>>> print(open('start12.txt').read())   # compact mmCIF, C-alpha atoms and all ligand atoms
# COMPACT_ATOMS: atom_id res chain seq x y z
CA MET A 187 85.99 91.50 48.28
CA ARG A 188 88.56 94.27 48.32
CA ARG A 189 86.27 96.53 50.26
CA ARG A 190 85.72 93.82 52.84
CA SER A 191 89.42 93.33 53.52
CA LEU A 192 89.81 97.09 53.80
CA LEU A 193 87.08 97.11 56.43
CA ILE A 194 88.83 94.31 58.31
CA VAL A 195 92.09 96.27 58.28
CA ILE A 196 90.31 99.37 59.60
CA ALA A 197 88.64 97.29 62.32
CA LEU A 198 91.99 95.80 63.36
CA VAL A 199 93.60 99.22 63.55
CA LEU A 200 90.74 100.50 65.69
CA VAL A 201 90.99 97.52 68.06
CA ALA A 202 94.75 97.89 68.33
CA THR A 203 94.65 101.61 69.10
CA SER A 204 91.79 101.32 71.59
CA CYS A 205 93.65 98.57 73.47
CA ARG A 206 96.65 100.81 73.81
CA ARG A 207 94.49 103.60 75.15
CA ALA A 208 92.77 101.28 77.61
CA ASN A 209 96.11 100.07 78.97
CA ARG A 210 97.58 103.49 79.45
CA PRO A 211 94.96 106.04 80.49
CA ALA A 212 96.32 109.53 79.84
CA SER A 213 95.66 110.76 83.38
CA ALA A 214 97.60 107.89 85.02
CA VAL A 215 100.59 108.60 82.81
CA ALA A 216 100.34 112.31 83.55
CA ILE A 217 100.53 111.72 87.30
CA ALA A 218 103.17 109.00 87.20
CA ARG A 219 105.64 111.10 85.24
CA PRO A 220 104.70 114.77 85.31
CA THR A 221 106.14 116.83 82.52
CA GLN A 222 107.21 120.42 82.76
CA TYR A 223 104.11 121.31 80.80
CA GLU A 224 101.74 119.67 83.28
CA LEU A 225 103.50 121.38 86.14
CA ARG A 226 103.07 124.76 84.46
CA LEU A 227 99.44 124.04 83.65
CA GLY A 228 98.83 122.97 87.25
CA LYS A 229 100.47 126.14 88.53
CA GLU A 230 98.24 128.25 86.32
CA VAL A 231 95.14 126.45 87.55
CA TYR A 232 96.27 126.82 91.16
CA GLN A 233 97.02 130.52 90.78
CA SER A 234 93.67 131.16 89.11
CA TYR A 235 91.39 129.21 91.41
CA CYS A 236 93.08 128.07 94.60
CA ILE A 237 95.62 130.60 95.76
CA GLY A 238 93.08 132.93 97.40
CA CYS A 239 92.38 130.37 100.09
CA HIS A 240 95.29 127.93 100.03
CA GLY A 241 98.00 130.59 99.67
CA ASP A 242 101.10 131.06 97.56
CA SER A 243 102.99 128.06 98.86
CA GLY A 244 99.96 125.96 99.79
CA ALA A 245 100.38 126.79 103.48
CA GLY A 246 96.69 127.68 103.84
CA ASP A 247 97.35 131.39 104.25
CA GLY A 248 95.68 132.90 101.18
CA PHE A 249 94.12 136.35 101.56
CA ASN A 250 90.70 134.76 102.08
CA ALA A 251 91.84 132.15 104.58
CA PHE A 252 91.19 134.23 107.69
CA ASN A 253 87.48 134.21 106.77
CA LEU A 254 87.33 130.44 106.77
CA ASP A 255 86.65 128.20 109.73
CA PRO A 256 88.22 125.68 109.48
CA HIS A 257 91.18 127.29 107.74
CA PRO A 258 92.50 125.53 104.66
CA ARG A 259 95.17 123.16 105.86
CA ASP A 260 98.82 123.25 104.90
CA LEU A 261 98.93 121.39 101.58
CA SER A 262 102.73 121.59 101.56
CA ASP A 263 103.01 119.63 104.82
CA PRO A 264 104.95 116.41 104.05
CA VAL A 265 102.86 114.42 106.55
CA PHE A 266 99.65 115.53 104.88
CA GLN A 267 101.11 114.77 101.45
CA LYS A 268 102.15 111.29 102.47
CA GLY A 269 98.72 110.48 103.86
CA LYS A 270 96.83 111.26 100.64
CA SER A 271 96.96 109.49 97.30
CA ASN A 272 96.72 111.42 94.06
CA ALA A 273 93.27 109.92 93.58
CA GLU A 274 92.12 111.20 96.97
CA LEU A 275 93.40 114.70 96.27
CA ALA A 276 91.75 114.70 92.83
CA ASP A 277 88.50 113.46 94.36
CA ALA A 278 88.46 116.22 97.00
CA ILE A 279 89.15 118.81 94.30
CA ARG A 280 86.52 117.41 91.95
CA ARG A 281 83.72 116.94 94.48
CA GLY A 282 84.67 119.63 96.99
CA GLY A 283 84.74 119.43 100.77
CA ALA A 284 81.07 118.52 101.09
CA GLY A 285 81.56 115.63 98.65
CA VAL A 286 84.31 113.99 100.69
CA GLY A 287 83.24 114.70 104.27
CA LEU A 288 85.23 117.91 104.76
CA THR A 289 83.88 121.44 105.07
CA SER A 290 81.69 122.83 102.28
CA LEU A 291 83.96 125.91 102.37
CA MET A 292 86.14 123.92 99.96
CA PRO A 293 84.22 124.37 96.68
CA PRO A 294 83.70 121.54 94.19
CA TRP A 295 85.70 122.10 90.99
CA GLY A 296 84.37 119.26 88.85
CA HIS A 297 82.18 121.60 86.81
CA THR A 298 84.93 124.18 86.30
CA LEU A 299 87.99 122.01 85.66
CA ASP A 300 88.22 118.92 83.47
CA ASP A 301 90.19 115.80 84.44
CA ARG A 302 93.33 117.04 82.74
CA HIS A 303 93.34 120.28 84.72
CA ILE A 304 92.54 118.47 87.97
CA ASP A 305 95.41 116.01 87.38
CA ALA A 306 97.72 118.93 86.59
CA VAL A 307 96.83 120.81 89.76
CA VAL A 308 97.46 117.62 91.77
CA VAL A 309 100.91 117.45 90.15
CA TYR A 310 101.46 121.06 91.18
CA ILE A 311 100.29 120.40 94.76
CA ARG A 312 102.86 117.57 94.91
CA SER A 313 105.56 120.02 93.81
CA MET A 314 104.71 122.32 96.75
CA LYS A 315 105.78 119.73 99.32
CA ARG A 316 108.24 121.30 101.73
C1 LIG A 401 87.03 129.38 99.16
C2 LIG A 401 88.30 128.87 99.63
C3 LIG A 401 88.93 127.71 98.87
C4 LIG A 401 89.26 127.65 97.54
C5 LIG A 401 89.06 128.73 96.48
C6 LIG A 401 89.87 126.36 97.34
N1 LIG A 401 89.91 125.66 98.51
FE1 LIG A 401 90.66 123.78 98.77
N2 LIG A 401 89.99 123.79 100.68
C7 LIG A 401 89.44 124.87 101.34
C8 LIG A 401 89.10 124.48 102.70
C9 LIG A 401 88.49 125.39 103.76
C10 LIG A 401 89.42 123.11 102.80
C11 LIG A 401 89.18 122.21 103.99
C12 LIG A 401 90.27 122.27 104.97
C13 LIG A 401 91.43 121.59 104.41
O1 LIG A 401 91.45 120.36 104.42
O2 LIG A 401 92.34 122.28 103.89
C14 LIG A 401 90.02 122.71 101.52
C15 LIG A 401 90.50 121.45 101.22
C16 LIG A 401 91.22 121.13 100.09
C17 LIG A 401 91.82 119.86 99.83
C18 LIG A 401 91.65 118.61 100.64
C19 LIG A 401 92.57 118.44 101.73
C20 LIG A 401 92.27 117.12 102.35
O3 LIG A 401 92.29 117.05 103.56
O4 LIG A 401 92.03 116.13 101.64
C21 LIG A 401 92.49 119.95 98.64
C22 LIG A 401 93.32 118.87 97.95
C23 LIG A 401 92.23 121.27 98.13
N3 LIG A 401 91.45 121.97 99.04
C24 LIG A 401 92.69 121.73 96.94
C25 LIG A 401 92.19 122.88 96.32
C26 LIG A 401 92.46 123.23 94.95
C27 LIG A 401 93.34 122.44 93.99
C28 LIG A 401 91.78 124.38 94.72
C29 LIG A 401 91.68 125.16 93.40
C30 LIG A 401 91.22 124.42 92.26
C31 LIG A 401 91.11 124.76 95.95
N4 LIG A 401 91.38 123.81 96.89
C32 LIG A 401 90.37 125.92 96.12
C33 LIG A 401 89.21 126.12 100.81
C34 LIG A 401 89.35 126.45 99.48
>>> encode(input="start12.txt", output="structure tokens", more="lines below")
Ligand code: HEC
Amino acid sequence: MRRRSLLIVIALVLVATSCRRANRPASAVAIARPTQYELRLGKEVYQSYCIGCHGDSGAGDGFNAFNLDPHPRDLSDPVFQKGKSNAELADAIRRGGAGVGLTSLMPPWGHTLDDRHIDAVVVYIRSMKR
């Protein structure tokens, strides 16, 4: 009898914690209210993987950009930023240009970066807005 009520308590705790997780997915929270940590993580990701094409400030003038046709666009452009949701940016990063109808010169990063890193680099891209 005792063991059974213990099992019920464990089951209730599991249900309660999983509900909380379902209501507040970590990635949505991360994007809604970026912390300093996420910003720094995003910057590190950007500087490791993106800067060569998209450039220091996101202007699309990385050292490799002159090789690319079309050039990477200006990610810091406020008009561009306004026209794209976080989900759209994350999708383009995850699936690459070919995955979202842009040029295949934009590589897909879904195998290199996990969701947390992709969300963080989106936060960083938002911080580059002019
Ligand atoms: C080999 C060069 C290259 C690298 C490296 C690269 N990109 Fe791109 N990226 C491009 C090109 C070219 C495009 C297509 C033109 C454009 O829209 O900027 C693009 C497009 C994008 C877009 C979509 C813009 C839109 O119109 O929706 C985003 C967002 C983006 N890149 C982010 C990143 C991030 C984040 C990284 C690093 C994880 C990265 N890129 C690495 C070349 C690159």
>>> closest_residue(input="start12.txt", among="A:Ile237, A:Ala273, A:Val265, A:Ile194", to="ligand LIG 401 (chain A)", atoms="only C-alpha atoms and all ligand atoms")
A:Ile237
>>> residues_near_ligand(input="start12.txt", ligand="ligand LIG 401 (chain A)", cutoff="9 Å", atoms="only C-alpha atoms and all ligand atoms", output="ChimeraX atom specification")
/A:228,231-240,244,246,248,250-251,253-261,266,270,274-280,282-283,286,288-295,298-299,303-304,307-308,310-311
>>> closest_residue(input="start12.txt", among="A:Arg302, A:Pro264, A:Arg188, A:Asn272", to="Tyr223 of chain A", atoms="all atoms listed in the file")
A:Arg302
>>> atom_distance(input="start12.txt", atom1="atom CA of Leu227 of chain A", atom2="atom CA of Ala284 of chain A")
25.9 Å
>>> atom_distance(input="start12.txt", atom1="atom CA of Ser243 of chain A", atom2="atom CA of Lys268 of chain A")
17.2 Å
>>> atom_distance(input="start12.txt", atom1="atom CA of Ser262 of chain A", atom2="atom CA of Leu225 of chain A")
15.4 Å
>>> axis_aligned_box(input="start12.txt", around="segment 269-275 of chain A", padding_each_side="3 Å", output="AutoDock Vina command-line options")
--center_x 95.4 --center_y 112.1 --center_z 98.7 --size_x 12.6 --size_y 11.2 --size_z 16.3
>>> closest_residue(input="start12.txt", among="A:Glu224, A:Glu230, A:Asp305, A:Asp242", to="Ser271 of chain A", atoms="all atoms listed in the file")
A:Asp305
>>> closest_residue(input="start12.txt", among="A:Arg281, A:Lys229, A:Arg189, A:Arg316", to="Gly296 of chain A", atoms="only C-alpha atoms")
A:Arg281
